[in-house]
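What follows is one structure encoded as structure tokens, with my remarks underneath.
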Amino acid sequence: MTVLFGQLFTGISIGAVLLLIALGLALTFGQMNVINMAHGEFIMAGAYTTYVLQQSITGAGLSLVVALPVAFVVAGTMGALLEVLLIRRLYARPLDTLLVTWGVSLMLQQLARDVFGSPNVQTRAPELLTGNVALPGGLTIANNRLFILGLALAAVAALTLALRLTPLGRRIRAVVQNRDLAAVSGIATSRVDRTTFFVGSGLAGLAGVALTLLGPIGPTMGTNLIIDAFLVVVVGGIGQLKGSVIVAFALGVLQATGEYLTTLSVAKVIVFVAIVAFLQWRPQGMFTLRTRSLA
Amino acid sequence: MSAPAPPWLTVDRAVVSIALVYPMRGPAGMFGPTCELCAQLAVEEINRSGGVLGREVRLVPVDGGAPPAEVAAEVEALVSVGAVQGVTGWHISSVRQALAPRVAHRVPYVYTALYEGGERTEGVFLTSETPDAQLWPAMRLLAGEQGVRRWFVVGNDYVWPRRTARAAQRYALRGGGQVVGRHFLPLDAHDFTEVLRRIEHSDADGVLMLLVGADAVRFNRAFARSGLDQRCLRLSTLMDENMLLASGAGATRRLYSTAGFFAGLVTQENLDFHGEFARRFGVEAPPLGSLGESCYEGVMLLAALIGQARTLDVRAIETAADTVAYHGPRGRLRLRQRHVRQRIYLAEADGLDFSVLAQL
């Protein structure tokens with residue numbers, strides 16, 4: 001029983017990481033329908049930002065606190081640049097977007113290799129985020145996992161509130177629901193697109209900071225994560241956030257339980273089979289956005 | 001849902017369980033059996049003399065030859081359910097990098113493989129040789145005695161060979177020579193045509209091998225077949241008696257290795273260790289070498305760390321770590337800045353064995 005409870009928390013932790021890396025994608029892919037293959041590299045950019053900051057700010061705690069906003073801005077700026085320079089010209093051509101952003105992803109990986117070298121680098125975790133909280137029954141919960149769970153939930157809350165309550169959020173939702181109507185209503189859709197991309201990519205940067213607490217930083221770290229992130233958004237359903245949140249945690253728990261009952265590789269297969277079966281049943285994903293779209 | 005729990009997953013308060021992360025497959029798998037038996041021997045010795053904190057020590061084997069993220073996930077799960085109270089073993093640096101942040105300050109972690117140096121994660125202790133003490137003196141000695149000036153570095157493509165190659169470049173310059181070429185191959189490499197051609201054209205008189213296990217073995221054979229062993233000597237910081245045996249006597253001419261342990265080293269401690277090993281596992285047991293023996297060191301250091309701190313709490317262990325010492329086949333060893341300080345030797349392959357030439 002204790003073991004099952006332990007695996008449940010492991011699943012929630014895996015889900016929190018998934019959620020954090022998928023949240024940005026829920027904006028750029030989910031809301032804007034842009035398949036951005038370079039999203040993983042924005043995660044990497046966030047992680048390397050943490051590493052660079054730690055070279056100059058020696059206190060591990062302070063550098064992490066500084067890294068969170070800085071990584072958001074660094075990754076967000078990269079995303080906004082990508083949108084302005086390339087993606088903007090390709091909105092009507094999704095397959096070309098996929099190819100172009102894949103190319104950008106390869107270039108960014110090589111850039112990281114040239115700047116930081118191909119071997120992985122490590123950061124030091126702040127004292128507070130090492131160690132664990134002991135629970136009855138011999139179970140422990142790692143502090144870094146708790147922090148990531150908190151960060152993921154905070155990011156979801158902030159994003160939800162921003163989309164619901166702020167003028168920018170209203171504009172984003174308007175553009176997602178009906179671009180033409182939004183445009184004729186006086187919304188500068190291209191500016192909204194740029195901002196949405198900034199925020200979505202910035203969230204990837206945040207995920208990158210969080211991931212430095214769990215493992216080494218390398219040029220290909222983003223690529224390994226991006227598939228899972230796309231899965232979360234596709235299964236969760238396009239155009240809203242709650243599906244992604246539910247699916248991230250569901251996949252995490254499924255993965256952890258599968259791992260416990262079988263092995264890691266078999267668990268991965270179970271997750272994929274479950275996803276394929278689910279999409280056969282509900283190709284539109286868990287939730288769909290109801291709009292009176294003309295399209 | 002009632003899942004059949006694996007036998008080690010019965011959390012037992014009367015036992016201190018240690019995850020032994022060692023290679024069961026992949027290029028390093030060939031010295032996995034030695035790793036396991038050496039750790040087993042250490043555990044039995046500790047248990048005979050009263051265990052750790054008065055509790056019996058048990059090993060929980062984990063396959064360190066799996067992809068780093070998988071190993072990290074498995075060990076993290078073991079730690080989270082309280083199934084292990086410590087981690088040790090020989091595994092490659094990319095596994096250590098994935099593992100260290102997951103267990104840092106949760107359970108003590110003793111890493112035993114020679115590595116590139118610079119690990120500063122808290123709660124991680126290392127019995128490892130590092131390039132400044134292992135590679136530099138060896139390169140200096142070979143430059144002086146054998147006149148090696150032009151080094152070619154061949155390694156697997158991950159953090160340990162990459163970082164060590166960078167250090168080797170500095171050492172070569174310091175010793176009046178230079179690194180004339182570097183070539184990195186993915187783990188589990190089989191085809192050495194390209195790198196042998198490059199060595200041939202480079203005019204190198206020394207090859208620094210930073211290849212793991214079976215990769216190094218295949219390289220040794222290809223190197224000897226190409227006849228390059230007439231012209232270049234080979235130096236490796238990761239080469240043990242298991243790998244010599246796999247390479248075959250014909251492929252080990254002018255092959256040098258440097259480590260804190262060689263099976264052929266004649267010291268009282270080492271002879272005692274051989275005796276114990278043979279008595280326990282018989283004469284047919286896999287050959288002893290520095291890589292497998294490091295797991296004995298790992299278990300011993302972990303037990304000494306816990307014993308000194310009188311608790312399993314990692315922060316307390318860390319505070320007490322500077323006064324920790326233990327006794328093993330490498331002699332009486334002390335910790336300094338989380339690393340074990342030890343004597344390191346240079347040896348030359350003589351058929352299937354190493355004969356120790358010098359203490360560095």
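Identifiers in the structure tokens: chain A, B, ... in order shown; residue index from 1 per chain; ligand index from 1 in order shown.
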
Residues of chain A no more than 8 Å from chain B, counting only C-alpha atoms: send them over as number ranges by chain.
A: 2-3, 6-7, 10, 118-120, 122, 124-125, 130-132, 138-142, 213-216, 261, 264

List as a count of residues only the protein and nucleic acid residues near Gln337 in chain B, meaning an atom at most 12 Å away when only C-alpha atoms are counted, but skip any in the same chain fewer than 6 places from it.
18

Check the smallest atom-to-atom distance from each of B:His190, B:Arg254, B:Arg55, B:Arg198 to Glu348 in chain B using only C-alpha atoms, then report the winner.
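Comparing B:His190, B:Arg254, B:Arg55, B:Arg198 against Glu348 in chain B, the winner is B:Arg254.
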
Do a neighbour search on range 260-267 of chain B at 6 Å with only C-alpha atoms, toss out local chain neighbours closer than 4 positions, and write the hits as an MDAnalysis selection string.
chainID B and resid 288:290 343:345

Output of the above residues as a PDB file, in the first residue's frame, restricted to C-alpha atoms:
```pdb
ATOM      1  CA  LEU B 288      39.671  -8.750 -10.250  1.00  0.00           C
ATOM      2  CA  GLY B 289      40.347  -5.303 -11.677  1.00  0.00           C
ATOM      3  CA  SER B 290      40.197  -1.660 -10.656  1.00  0.00           C
ATOM      4  CA  ARG B 343      47.961   6.136  -4.383  1.00  0.00           C
ATOM      5  CA  ILE B 344      47.780   5.703  -8.126  1.00  0.00           C
ATOM      6  CA  TYR B 345      49.877   3.355 -10.216  1.00  0.00           C
TER       7      TYR B 345
END
```

Check range 20-97 of chain B with DSSP on the backbone and list each residue it calls strand (DSSP E or B), as number ranges by chain.
B: 20-22, 52, 55-63, 86-89

Write the residues you've just listed into a file as a compact mmCIF listing (two decimals), in the first residue's frame, and include N, CA and C atoms for each of them.
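Result saved to selection-v1.txt:
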```txt
# COMPACT_ATOMS: atom_id res chain seq x y z
N LEU B 20 22.98 -0.91 -5.36
CA LEU B 20 24.26 -1.07 -6.04
C LEU B 20 24.01 -0.89 -7.54
N VAL B 21 24.42 0.27 -8.05
CA VAL B 21 24.16 0.59 -9.45
C VAL B 21 25.41 0.22 -10.25
N TYR B 22 25.33 -0.91 -10.95
CA TYR B 22 26.49 -1.38 -11.72
C TYR B 22 26.00 -1.90 -13.06
N VAL B 52 26.02 -2.10 9.95
CA VAL B 52 26.08 -0.64 10.00
C VAL B 52 25.00 -0.15 10.96
N ARG B 55 22.80 -2.64 12.24
CA ARG B 55 21.82 -3.26 11.35
C ARG B 55 22.54 -4.00 10.23
N GLU B 56 21.86 -5.03 9.73
CA GLU B 56 22.41 -5.82 8.63
C GLU B 56 22.40 -4.99 7.34
N VAL B 57 23.45 -5.13 6.54
CA VAL B 57 23.51 -4.42 5.26
C VAL B 57 23.07 -5.37 4.15
N ARG B 58 22.22 -4.86 3.25
CA ARG B 58 21.81 -5.65 2.10
C ARG B 58 21.98 -4.85 0.82
N LEU B 59 22.26 -5.54 -0.28
CA LEU B 59 22.41 -4.85 -1.56
C LEU B 59 21.14 -5.00 -2.39
N VAL B 60 20.75 -3.91 -3.04
CA VAL B 60 19.65 -3.95 -4.00
C VAL B 60 20.25 -3.65 -5.37
N PRO B 61 20.36 -4.66 -6.24
CA PRO B 61 21.01 -4.42 -7.53
C PRO B 61 20.17 -3.57 -8.47
N VAL B 62 20.81 -2.61 -9.13
CA VAL B 62 20.15 -1.76 -10.14
C VAL B 62 21.03 -1.78 -11.38
N ASP B 63 20.41 -1.94 -12.55
CA ASP B 63 21.19 -1.99 -13.79
C ASP B 63 21.66 -0.60 -14.19
N GLY B 86 20.94 4.12 0.89
CA GLY B 86 22.22 4.58 0.37
C GLY B 86 22.37 4.09 -1.06
N VAL B 87 23.26 4.75 -1.82
CA VAL B 87 23.47 4.38 -3.21
C VAL B 87 24.97 4.33 -3.47
N THR B 88 25.43 3.29 -4.18
CA THR B 88 26.82 3.26 -4.59
C THR B 88 26.94 2.45 -5.89
N GLY B 89 28.18 2.29 -6.36
CA GLY B 89 28.41 1.45 -7.53
C GLY B 89 29.18 2.15 -8.63
```
